[in-house]
$ cat work.txt   # compact mmCIF, C-alpha atoms
# COMPACT_ATOMS: atom_id res chain seq x y z
CA MET A 1 -4.93 -2.31 17.18
CA GLU A 2 -3.35 1.13 16.91
CA TYR A 3 -5.13 3.71 14.75
CA ARG A 4 -3.46 6.66 13.05
CA TYR A 5 -4.77 9.70 11.23
CA LEU A 6 -4.58 9.37 7.47
CA GLY A 7 -2.33 12.24 6.50
CA GLY A 8 -3.69 15.63 7.50
CA SER A 9 -7.30 14.45 7.56
CA GLY A 10 -9.47 13.65 10.57
CA PHE A 11 -9.90 10.09 9.28
CA ARG A 12 -8.30 7.36 11.39
CA VAL A 13 -7.22 4.00 9.99
CA PRO A 14 -5.63 0.93 11.59
CA VAL A 15 -1.85 0.66 11.23
CA LEU A 16 -2.37 -2.63 9.42
CA SER A 17 -4.82 -2.95 6.53
CA PHE A 18 -5.66 -6.02 4.50
CA GLY A 19 -4.94 -6.23 0.77
CA THR A 20 -7.30 -8.23 -1.41
CA GLY A 21 -4.90 -8.94 -4.26
CA THR A 22 -5.23 -12.65 -3.42
CA PHE A 23 -9.03 -12.57 -3.81
CA GLY A 24 -10.36 -14.19 -6.98
CA GLY A 25 -7.19 -15.53 -8.57
CA LYS A 26 -8.29 -14.65 -12.11
CA GLY A 27 -5.53 -14.61 -14.73
CA GLU A 28 -1.91 -15.77 -14.54
CA PHE A 29 -0.58 -12.70 -12.68
CA PHE A 30 -3.17 -12.61 -9.91
CA GLY A 31 -3.48 -16.38 -9.89
CA ALA A 32 0.14 -16.45 -8.73
CA TRP A 33 -0.85 -14.27 -5.76
CA GLY A 34 -3.67 -16.54 -4.61
CA ALA A 35 -7.25 -17.58 -5.37
CA THR A 36 -9.23 -16.78 -2.23
CA ASP A 37 -12.96 -17.41 -2.67
CA VAL A 38 -15.84 -15.80 -0.76
CA LYS A 39 -15.88 -18.42 2.00
CA GLU A 40 -12.15 -18.09 2.64
CA ALA A 41 -12.32 -14.30 2.39
CA SER A 42 -15.12 -14.19 4.96
CA ARG A 43 -12.98 -16.20 7.39
CA LEU A 44 -9.95 -13.94 6.86
CA ILE A 45 -12.12 -10.87 7.41
CA ASP A 46 -13.45 -12.44 10.63
CA VAL A 47 -9.86 -12.80 11.87
CA CYS A 48 -9.06 -9.23 10.84
CA LEU A 49 -12.08 -7.73 12.60
CA ASP A 50 -11.39 -9.73 15.76
CA ALA A 51 -7.92 -8.13 15.81
CA GLY A 52 -9.27 -4.62 15.18
CA LEU A 53 -8.15 -4.53 11.54
CA ASN A 54 -11.14 -3.11 9.67
CA PHE A 55 -9.51 -1.50 6.61
CA PHE A 56 -9.60 -3.48 3.33
CA ASP A 57 -7.83 -2.44 0.13
CA SER A 58 -8.69 -3.50 -3.41
CA ALA A 59 -8.57 -2.26 -7.02
CA ASP A 60 -10.63 -2.61 -10.16
CA VAL A 61 -7.80 -4.45 -11.95
CA TYR A 62 -7.34 -7.09 -9.24
CA SER A 63 -8.48 -10.25 -11.03
CA GLY A 64 -10.43 -8.08 -13.46
CA GLY A 65 -12.80 -6.80 -10.76
CA VAL A 66 -13.36 -10.20 -9.15
CA ALA A 67 -11.42 -9.18 -6.04
CA GLU A 68 -13.89 -6.35 -5.43
CA GLU A 69 -16.79 -8.75 -5.98
CA VAL A 70 -15.39 -11.25 -3.48
CA LEU A 71 -14.79 -8.48 -0.94
CA GLY A 72 -18.33 -7.17 -1.45
CA GLU A 73 -19.81 -10.60 -0.81
CA ALA A 74 -17.56 -11.28 2.18
CA ILE A 75 -18.56 -8.10 4.00
CA LYS A 76 -22.27 -8.46 3.29
CA GLY A 77 -24.25 -7.52 6.39
CA ARG A 78 -21.31 -5.79 8.07
CA ARG A 79 -20.50 -2.87 5.80
CA ASP A 80 -20.83 -0.53 8.79
CA LYS A 81 -17.96 -2.37 10.50
CA VAL A 82 -15.39 -2.01 7.72
CA LEU A 83 -13.50 0.65 5.79
CA ILE A 84 -13.01 0.10 2.07
CA SER A 85 -10.25 1.41 -0.13
CA THR A 86 -10.07 0.76 -3.87
CA LYS A 87 -8.27 2.12 -6.90
CA ALA A 88 -8.74 2.96 -10.56
CA THR A 89 -6.75 4.40 -13.50
CA PHE A 90 -5.17 1.33 -15.11
CA ARG A 91 -6.86 -0.23 -18.13
CA SER A 92 -10.03 -2.03 -17.08
CA GLY A 93 -11.58 -2.80 -20.47
CA ASP A 94 -11.06 -2.72 -24.24
CA GLY A 95 -12.72 0.64 -24.86
CA ALA A 96 -10.83 3.81 -25.74
CA ASN A 97 -11.92 5.40 -22.45
CA ASP A 98 -11.48 2.34 -20.22
CA VAL A 99 -8.17 3.65 -18.94
CA GLY A 100 -6.70 6.74 -17.30
CA SER A 101 -7.86 9.41 -14.90
CA SER A 102 -10.25 11.30 -17.15
CA ARG A 103 -13.59 12.46 -15.79
CA PHE A 104 -15.26 9.85 -17.99
CA HIS A 105 -13.20 6.91 -16.77
CA LEU A 106 -13.06 7.81 -13.07
CA ILE A 107 -16.81 8.27 -12.76
CA GLU A 108 -17.46 5.04 -14.67
CA ALA A 109 -14.86 3.21 -12.58
CA CYS A 110 -16.32 4.47 -9.32
CA GLU A 111 -19.87 3.46 -10.28
CA LYS A 112 -18.74 -0.03 -11.31
CA ALA A 113 -16.70 -0.45 -8.12
CA LEU A 114 -19.70 0.53 -6.00
CA LYS A 115 -21.76 -2.18 -7.70
CA ARG A 116 -19.09 -4.85 -7.33
CA LEU A 117 -18.53 -3.94 -3.68
CA LYS A 118 -22.28 -3.74 -3.05
CA THR A 119 -21.99 -0.45 -1.21
CA ASP A 120 -23.12 3.15 -1.63
CA HIS A 121 -19.77 4.72 -0.78
CA ILE A 122 -16.02 4.09 -0.84
CA ASP A 123 -14.05 5.33 2.15
CA LEU A 124 -10.79 5.91 0.27
CA PHE A 125 -10.64 6.09 -3.53
CA GLN A 126 -7.18 6.23 -5.05
CA LEU A 127 -5.65 6.74 -8.47
CA HIS A 128 -3.61 3.62 -9.17
CA GLY A 129 -1.01 5.59 -11.11
CA PHE A 130 -0.38 8.98 -12.70
CA ASP A 131 -2.09 9.79 -16.01
CA ALA A 132 0.06 12.25 -17.94
CA MET A 133 -2.49 12.44 -20.76
CA THR A 134 -5.29 13.97 -18.67
CA PRO A 135 -5.15 17.50 -17.20
CA ILE A 136 -4.76 17.32 -13.43
CA GLU A 137 -7.57 19.86 -13.08
CA GLU A 138 -9.95 17.48 -14.85
CA THR A 139 -8.96 14.56 -12.65
CA LEU A 140 -9.26 16.45 -9.37
CA SER A 141 -12.54 18.08 -10.40
CA ALA A 142 -14.06 14.67 -11.14
CA LEU A 143 -12.86 13.27 -7.81
CA ASP A 144 -14.17 16.34 -5.99
CA ASP A 145 -17.59 15.84 -7.62
CA LEU A 146 -17.63 12.22 -6.41
CA VAL A 147 -16.74 13.36 -2.90
CA ARG A 148 -19.48 16.00 -2.90
CA ALA A 149 -21.95 13.37 -4.18
CA GLY A 150 -21.13 11.21 -1.16
CA LYS A 151 -19.80 8.32 -3.25
CA ILE A 152 -16.24 8.81 -2.01
CA ARG A 153 -15.19 9.96 1.46
CA TYR A 154 -11.46 10.61 0.90
CA ILE A 155 -9.13 10.56 -2.08
CA GLY A 156 -5.58 9.37 -2.50
CA CYS A 157 -3.09 8.44 -5.17
CA SER A 158 -0.62 5.63 -5.73
CA ASN A 159 2.79 5.29 -7.39
CA PHE A 160 3.15 9.03 -8.01
CA SER A 161 6.53 10.71 -8.30
CA GLY A 162 7.22 13.72 -6.11
CA TRP A 163 6.38 16.28 -8.78
CA HIS A 164 3.16 14.44 -9.73
CA LEU A 165 1.96 14.60 -6.14
CA MET A 166 3.11 18.13 -5.38
CA LYS A 167 1.60 19.57 -8.57
CA SER A 168 -1.69 17.82 -7.80
CA LEU A 169 -1.76 19.18 -4.25
CA ALA A 170 -0.98 22.70 -5.47
CA ILE A 171 -3.78 22.58 -8.04
CA ALA A 172 -6.22 21.24 -5.43
CA ASP A 173 -5.33 24.12 -3.12
CA ARG A 174 -5.59 26.70 -5.90
CA HIS A 175 -9.07 25.60 -6.97
CA ASN A 176 -10.36 24.56 -3.54
CA LEU A 177 -10.77 20.93 -4.58
CA SER A 178 -10.52 17.80 -2.47
CA ARG A 179 -6.92 17.04 -1.60
CA TYR A 180 -5.04 13.75 -1.63
CA VAL A 181 -4.68 12.64 1.98
CA ALA A 182 -2.96 9.35 1.17
CA HIS A 183 -0.26 8.07 -1.12
CA GLN A 184 -0.22 4.30 -1.57
CA ALA A 185 3.46 3.65 -2.19
CA TYR A 186 5.95 0.82 -2.32
CA TYR A 187 8.19 0.88 0.75
CA SER A 188 10.11 -1.92 2.42
CA LEU A 189 13.45 -2.71 4.05
CA ILE A 190 14.72 -3.65 0.58
CA GLY A 191 12.95 -0.79 -1.20
CA ARG A 192 13.69 2.53 0.52
CA ASP A 193 13.42 4.89 -2.46
CA TYR A 194 10.27 6.35 -0.88
CA GLU A 195 12.44 8.06 1.74
CA SER A 196 14.37 10.34 -0.63
CA GLU A 197 11.65 12.65 -1.95
CA LEU A 198 8.19 11.27 -1.21
CA MET A 199 8.69 11.05 2.55
CA PRO A 200 9.86 14.69 2.97
CA LEU A 201 6.99 15.79 0.71
CA ALA A 202 4.51 13.78 2.77
CA LEU A 203 5.83 15.29 6.01
CA ASP A 204 5.56 18.81 4.62
CA GLN A 205 2.16 18.37 2.96
CA LYS A 206 0.62 15.95 5.50
CA VAL A 207 0.03 13.03 3.15
CA GLY A 208 -0.17 9.64 4.84
CA ALA A 209 1.68 6.69 3.37
CA VAL A 210 -0.37 3.54 2.79
CA VAL A 211 2.40 1.04 2.15
CA TRP A 212 2.04 -1.70 -0.45
CA SER A 213 4.26 -4.80 -0.64
CA PRO A 214 5.93 -4.14 2.74
CA LEU A 215 7.70 -7.51 2.51
CA GLY A 216 9.49 -6.59 -0.70
CA TRP A 217 7.30 -8.48 -3.19
CA GLY A 218 7.38 -11.61 -1.03
CA ARG A 219 11.16 -11.60 -0.51
CA LEU A 220 11.08 -10.86 3.25
CA THR A 221 8.93 -13.79 4.31
CA GLY A 222 11.89 -15.61 5.84
CA LYS A 223 11.64 -18.30 3.14
CA ILE A 224 14.09 -16.69 0.69
CA ARG A 225 17.57 -17.72 1.82
CA ARG A 226 21.11 -17.48 0.55
CA GLY A 227 22.09 -20.55 -1.45
CA GLN A 228 18.59 -22.04 -1.37
CA PRO A 229 16.02 -22.35 -4.19
CA LEU A 230 12.75 -20.45 -4.09
CA PRO A 231 10.09 -22.22 -2.04
CA ALA A 232 7.67 -24.30 -4.09
CA VAL A 233 4.82 -21.88 -3.35
CA SER A 234 5.94 -18.34 -4.16
CA ARG A 235 4.52 -15.70 -6.47
CA LEU A 236 8.13 -14.86 -7.38
CA HIS A 237 8.15 -17.84 -9.74
CA LYS A 238 5.79 -16.00 -12.08
CA THR A 239 5.92 -12.35 -11.06
CA ALA A 240 9.53 -11.58 -10.04
CA GLU A 241 10.21 -9.60 -13.23
CA GLN A 242 7.01 -7.56 -12.83
CA GLY A 243 7.74 -6.29 -9.33
CA PRO A 244 10.56 -4.26 -7.75
CA GLN A 245 14.00 -5.54 -8.68
CA VAL A 246 16.49 -6.40 -5.93
CA ASP A 247 20.14 -7.42 -6.06
CA ASN A 248 20.46 -10.84 -4.46
CA ASP A 249 23.53 -10.09 -2.34
CA TYR A 250 21.82 -6.99 -0.95
CA LEU A 251 18.67 -9.00 -0.23
CA TYR A 252 20.55 -11.73 1.61
CA ASN A 253 22.46 -9.18 3.72
CA VAL A 254 19.18 -7.60 4.81
CA VAL A 255 17.66 -11.03 5.53
CA ASP A 256 20.72 -11.89 7.65
CA ALA A 257 20.16 -8.73 9.71
CA LEU A 258 16.47 -9.52 10.01
CA ASP A 259 17.38 -13.01 11.17
CA ASP A 260 19.58 -11.61 13.95
CA VAL A 261 16.92 -9.19 15.15
CA ALA A 262 14.20 -11.84 14.93
CA LYS A 263 16.23 -14.08 17.24
CA GLU A 264 16.72 -11.22 19.71
CA THR A 265 13.03 -10.36 19.80
CA GLY A 266 11.54 -13.84 19.49
CA LYS A 267 9.53 -12.59 16.50
CA THR A 268 9.38 -13.82 12.91
CA ILE A 269 11.22 -12.14 10.04
CA PRO A 270 7.99 -10.71 8.52
CA GLN A 271 6.94 -9.33 11.92
CA VAL A 272 10.29 -7.57 12.32
CA ALA A 273 10.18 -6.16 8.78
CA LEU A 274 6.66 -4.81 9.32
CA ASN A 275 7.48 -3.37 12.74
CA TRP A 276 10.44 -1.49 11.27
CA LEU A 277 8.07 0.15 8.77
CA LEU A 278 5.60 1.09 11.50
CA GLN A 279 8.28 3.26 13.09
CA ARG A 280 9.03 5.23 9.93
CA PRO A 281 7.77 8.82 9.48
CA THR A 282 4.53 9.42 7.49
CA VAL A 283 3.40 5.75 7.57
CA SER A 284 -0.33 5.65 8.32
CA SER A 285 -1.11 2.06 7.40
CA ILE A 286 0.68 -0.99 6.01
CA ILE A 287 -1.18 -3.28 3.63
CA VAL A 288 -0.63 -6.92 4.46
CA GLY A 289 -1.80 -9.75 2.26
CA ALA A 290 -2.29 -13.39 3.12
CA ARG A 291 -3.11 -16.57 1.25
CA ASP A 292 -4.38 -18.19 4.44
CA GLU A 293 -5.17 -17.64 8.11
CA THR A 294 -1.69 -18.70 9.25
CA GLN A 295 -0.01 -15.97 7.20
CA LEU A 296 -2.55 -13.42 8.35
CA ARG A 297 -2.09 -14.19 12.03
CA ASP A 298 1.68 -13.99 11.64
CA ASN A 299 1.35 -10.52 10.08
CA LEU A 300 -0.92 -9.41 12.91
CA GLY A 301 1.92 -10.27 15.28
CA ALA A 302 3.83 -7.23 13.98
CA ILE A 303 1.88 -4.89 16.28
CA GLY A 304 1.72 -4.42 20.05
CA TRP A 305 5.50 -4.13 20.50
CA ASN A 306 8.39 -2.07 19.14
CA LEU A 307 11.93 -2.71 18.02
CA THR A 308 14.58 -1.01 20.14
CA SER A 309 16.52 1.93 18.72
CA GLU A 310 19.56 -0.34 18.47
CA GLN A 311 17.64 -2.93 16.49
CA VAL A 312 16.25 -0.25 14.18
CA ALA A 313 19.81 1.03 13.64
CA THR A 314 20.96 -2.50 12.75
CA LEU A 315 18.26 -2.81 10.10
CA ASP A 316 18.86 0.73 8.84
CA ALA A 317 22.55 -0.01 8.32
CA ALA A 318 21.95 -3.35 6.58
CA SER A 319 19.40 -1.87 4.18
CA ALA A 320 21.12 1.46 3.46
CA ARG A 321 21.80 2.21 -0.21
CA PRO A 322 23.77 4.99 -1.95
CA LEU A 323 21.53 8.00 -2.52
CA ALA A 324 20.83 9.47 -5.94
CA TYR A 325 21.56 13.14 -6.65
CA PRO A 326 20.49 15.60 -5.27
CA TYR A 327 19.61 13.62 -2.16
CA TRP A 328 23.17 12.66 -1.25
CA HIS A 329 24.07 16.34 -1.48
CA GLN A 330 21.09 17.46 0.62
CA SER A 331 21.91 14.91 3.31
CA GLY A 332 25.13 16.81 4.00
CA PHE A 333 23.25 19.89 5.15
CA PRO A 334 20.85 18.72 7.88
CA GLU A 335 20.94 22.11 9.62
CA ARG A 336 18.95 23.69 6.79
CA ASN A 337 17.40 20.52 5.33
CA PRO A 338 16.01 18.64 8.33
CA PHE A 339 13.73 16.20 6.53
CA PRO A 340 14.92 12.59 6.54
CA VAL A 341 16.81 11.66 3.41
CA GLY A 342 17.51 7.97 2.97
$ encode --input "work.txt" --output "structure tokens"
Amino acid sequence: MEYRYLGGSGFRVPVLSFGTGTFGGKGEFFGAWGATDVKEASRLIDVCLDAGLNFFDSADVYSGGVAEEVLGEAIKGRRDKVLISTKATFRSGDGANDVGSSRFHLIEACEKALKRLKTDHIDLFQLHGFDAMTPIEETLSALDDLVRAGKIRYIGCSNFSGWHLMKSLAIADRHNLSRYVAHQAYYSLIGRDYESELMPLALDQKVGAVVWSPLGWGRLTGKIRRGQPLPAVSRLHKTAEQGPQVDNDYLYNVVDALDDVAKETGKTIPQVALNWLLQRPTVSSIIVGARDETQLRDNLGAIGWNLTSEQVATLDAASARPLAYPYWHQSGFPERNPFPVG
């Protein structure tokens, strides 16, 4: 397993991490992802650790906290062998303060997560989204207090826009507060918006990307094909409208290119899609999820080899999309604007 530094920190994480969105299966949305219980989770974690994958990502809203509880039980007795990442900000209860990134909610959320995970610290604690109703200074001060108390080792954010992230980093620097070292962001061969602004920002400010849904919300599994119905078991049946939207013709063109490269390499379509991401700038770790051991082992096959430059170019061309302004304009001046754009 390859390890990379998480952004500009001295903290190293495996290039593949395991997402626990399938743990618990509580509610219609997360039930469509999976319903992994403690016994199954323990087996999946065994497979991960054997492969050198020791980084596990969760969130307080995954199955209403049950995912964290399952993870906590599954790692019992081996906390020193794993790294834990979790998230808070989204509504986690009915109370007026059970939502957002206020000092009140973040401290409460952290304490509850520690109990569910049965641990005394969280290695990476991330905001699940931006809270425009809470002053950034308040949010960062609360996170800094949790870091200084030893309850959190590193902080990150998720689903921020460029200005959200840059303003937060500037305020952290101004007040000497803990800085975001990670941005958990959506990025895939059929979702390359990250490259326009967030990737150049991450390069400049040394923020590592922790990629969620690297297979495009389940569309790059190799099971979604032109002219064929969705497979019987697919979260897209219930969650397609709640995830990133993709034009079908564009999707099928990318899958065709993935098919060609998969045949050249002798790898599966998911392995090729993940390997392409591993070669992109700023990517520290890719979160893979799995309903079962077969899926997990297939995802683990994405490492230990690299696509050729020609194969990367093939996938780049198939997945390229018109850039929004001002990025299409900036891309015409690479001499003075060297960061990758699109």
$ closest_residue --input "work.txt" --among "A:Arg12, A:Val147, A:Leu201, A:Tyr194" --to "Trp163 of chain A" --atoms "all atoms listed in the file"
A:Leu201
$ residues_near_point --input "work.txt" --point "(-0.6, 0.1, 7.9)" --cutoff "12 Å" --atoms "all atoms listed in the file" --output "ChimeraX atom specification"
/A:1-6,12-19,53-57,182,184-185,187,208-214,274-280,282-289,299-300,302-303
$ atom_distance --input "work.txt" --atom1 "atom CA of Gln126 of chain A" --atom2 "atom CA of Ala51 of chain A"
25.3 Å
$ residues_around --input "work.txt" --residues "Leu258 of chain A" --least-positions-apart "2" --cutoff "8 Å" --atoms "all atoms listed in the file" --output "ChimeraX atom specification"
/A:254-256,260-262,269,272-273,315
$ closest_residue --input "work.txt" --among "A:Arg103, A:Lys206, A:Lys118, A:Arg91" --to "Glu69 of chain A" --atoms "all atoms listed in the file"
A:Lys118
$ residues_around --input "work.txt" --residues "Gly21 of chain A" --least-positions-apart "5" --cutoff "7 Å" --atoms "only C-alpha atoms" --output "MDAnalysis selection string"
chainID A and resid 30 33 58 62 67
$ build_atoms --input "work.txt" --residues "segment 313-328 of chain A" --atoms "N, CA and C atoms" --output "PDB file, in the coordinates of the input"
ATOM      1  N   ALA A 313      18.550   0.595  14.235  1.00  0.00           N
ATOM      2  CA  ALA A 313      19.810   1.030  13.640  1.00  0.00           C
ATOM      3  C   ALA A 313      20.489  -0.117  12.891  1.00  0.00           C
ATOM      4  N   THR A 314      20.388  -1.325  13.417  1.00  0.00           N
ATOM      5  CA  THR A 314      20.960  -2.500  12.750  1.00  0.00           C
ATOM      6  C   THR A 314      20.308  -2.708  11.384  1.00  0.00           C
ATOM      7  N   LEU A 315      18.992  -2.622  11.349  1.00  0.00           N
ATOM      8  CA  LEU A 315      18.260  -2.810  10.100  1.00  0.00           C
ATOM      9  C   LEU A 315      18.493  -1.641   9.142  1.00  0.00           C
ATOM     10  N   ASP A 316      18.567  -0.434   9.680  1.00  0.00           N
ATOM     11  CA  ASP A 316      18.860   0.730   8.840  1.00  0.00           C
ATOM     12  C   ASP A 316      20.197   0.551   8.127  1.00  0.00           C
ATOM     13  N   ALA A 317      21.203   0.125   8.882  1.00  0.00           N
ATOM     14  CA  ALA A 317      22.550  -0.010   8.320  1.00  0.00           C
ATOM     15  C   ALA A 317      22.595  -1.114   7.259  1.00  0.00           C
ATOM     16  N   ALA A 318      21.924  -2.232   7.528  1.00  0.00           N
ATOM     17  CA  ALA A 318      21.950  -3.350   6.580  1.00  0.00           C
ATOM     18  C   ALA A 318      21.232  -3.024   5.289  1.00  0.00           C
ATOM     19  N   SER A 319      20.227  -2.163   5.351  1.00  0.00           N
ATOM     20  CA  SER A 319      19.400  -1.870   4.180  1.00  0.00           C
ATOM     21  C   SER A 319      19.751  -0.549   3.506  1.00  0.00           C
ATOM     22  N   ALA A 320      20.749   0.164   4.032  1.00  0.00           N
ATOM     23  CA  ALA A 320      21.120   1.460   3.460  1.00  0.00           C
ATOM     24  C   ALA A 320      21.659   1.281   2.041  1.00  0.00           C
ATOM     25  N   ARG A 321      21.313   2.231   1.177  1.00  0.00           N
ATOM     26  CA  ARG A 321      21.800   2.210  -0.210  1.00  0.00           C
ATOM     27  C   ARG A 321      22.347   3.589  -0.559  1.00  0.00           C
ATOM     28  N   PRO A 322      23.275   3.679  -1.517  1.00  0.00           N
ATOM     29  CA  PRO A 322      23.770   4.990  -1.950  1.00  0.00           C
ATOM     30  C   PRO A 322      22.605   5.837  -2.474  1.00  0.00           C
ATOM     31  N   LEU A 323      22.599   7.096  -2.114  1.00  0.00           N
ATOM     32  CA  LEU A 323      21.530   8.000  -2.520  1.00  0.00           C
ATOM     33  C   LEU A 323      21.795   8.568  -3.908  1.00  0.00           C
ATOM     34  N   ALA A 324      20.719   8.803  -4.649  1.00  0.00           N
ATOM     35  CA  ALA A 324      20.830   9.470  -5.940  1.00  0.00           C
ATOM     36  C   ALA A 324      20.971  10.975  -5.718  1.00  0.00           C
ATOM     37  N   TYR A 325      21.504  11.682  -6.716  1.00  0.00           N
ATOM     38  CA  TYR A 325      21.560  13.140  -6.650  1.00  0.00           C
ATOM     39  C   TYR A 325      20.150  13.700  -6.867  1.00  0.00           C
ATOM     40  N   PRO A 326      19.713  14.760  -6.177  1.00  0.00           N
ATOM     41  CA  PRO A 326      20.490  15.600  -5.270  1.00  0.00           C
ATOM     42  C   PRO A 326      20.413  15.197  -3.801  1.00  0.00           C
ATOM     43  N   TYR A 327      19.880  13.989  -3.547  1.00  0.00           N
ATOM     44  CA  TYR A 327      19.610  13.620  -2.160  1.00  0.00           C
ATOM     45  C   TYR A 327      20.886  13.391  -1.356  1.00  0.00           C
ATOM     46  N   TRP A 328      21.936  12.829  -1.996  1.00  0.00           N
ATOM     47  CA  TRP A 328      23.170  12.660  -1.250  1.00  0.00           C
ATOM     48  C   TRP A 328      23.761  14.011  -0.882  1.00  0.00           C
TER      49      TRP A 328
END
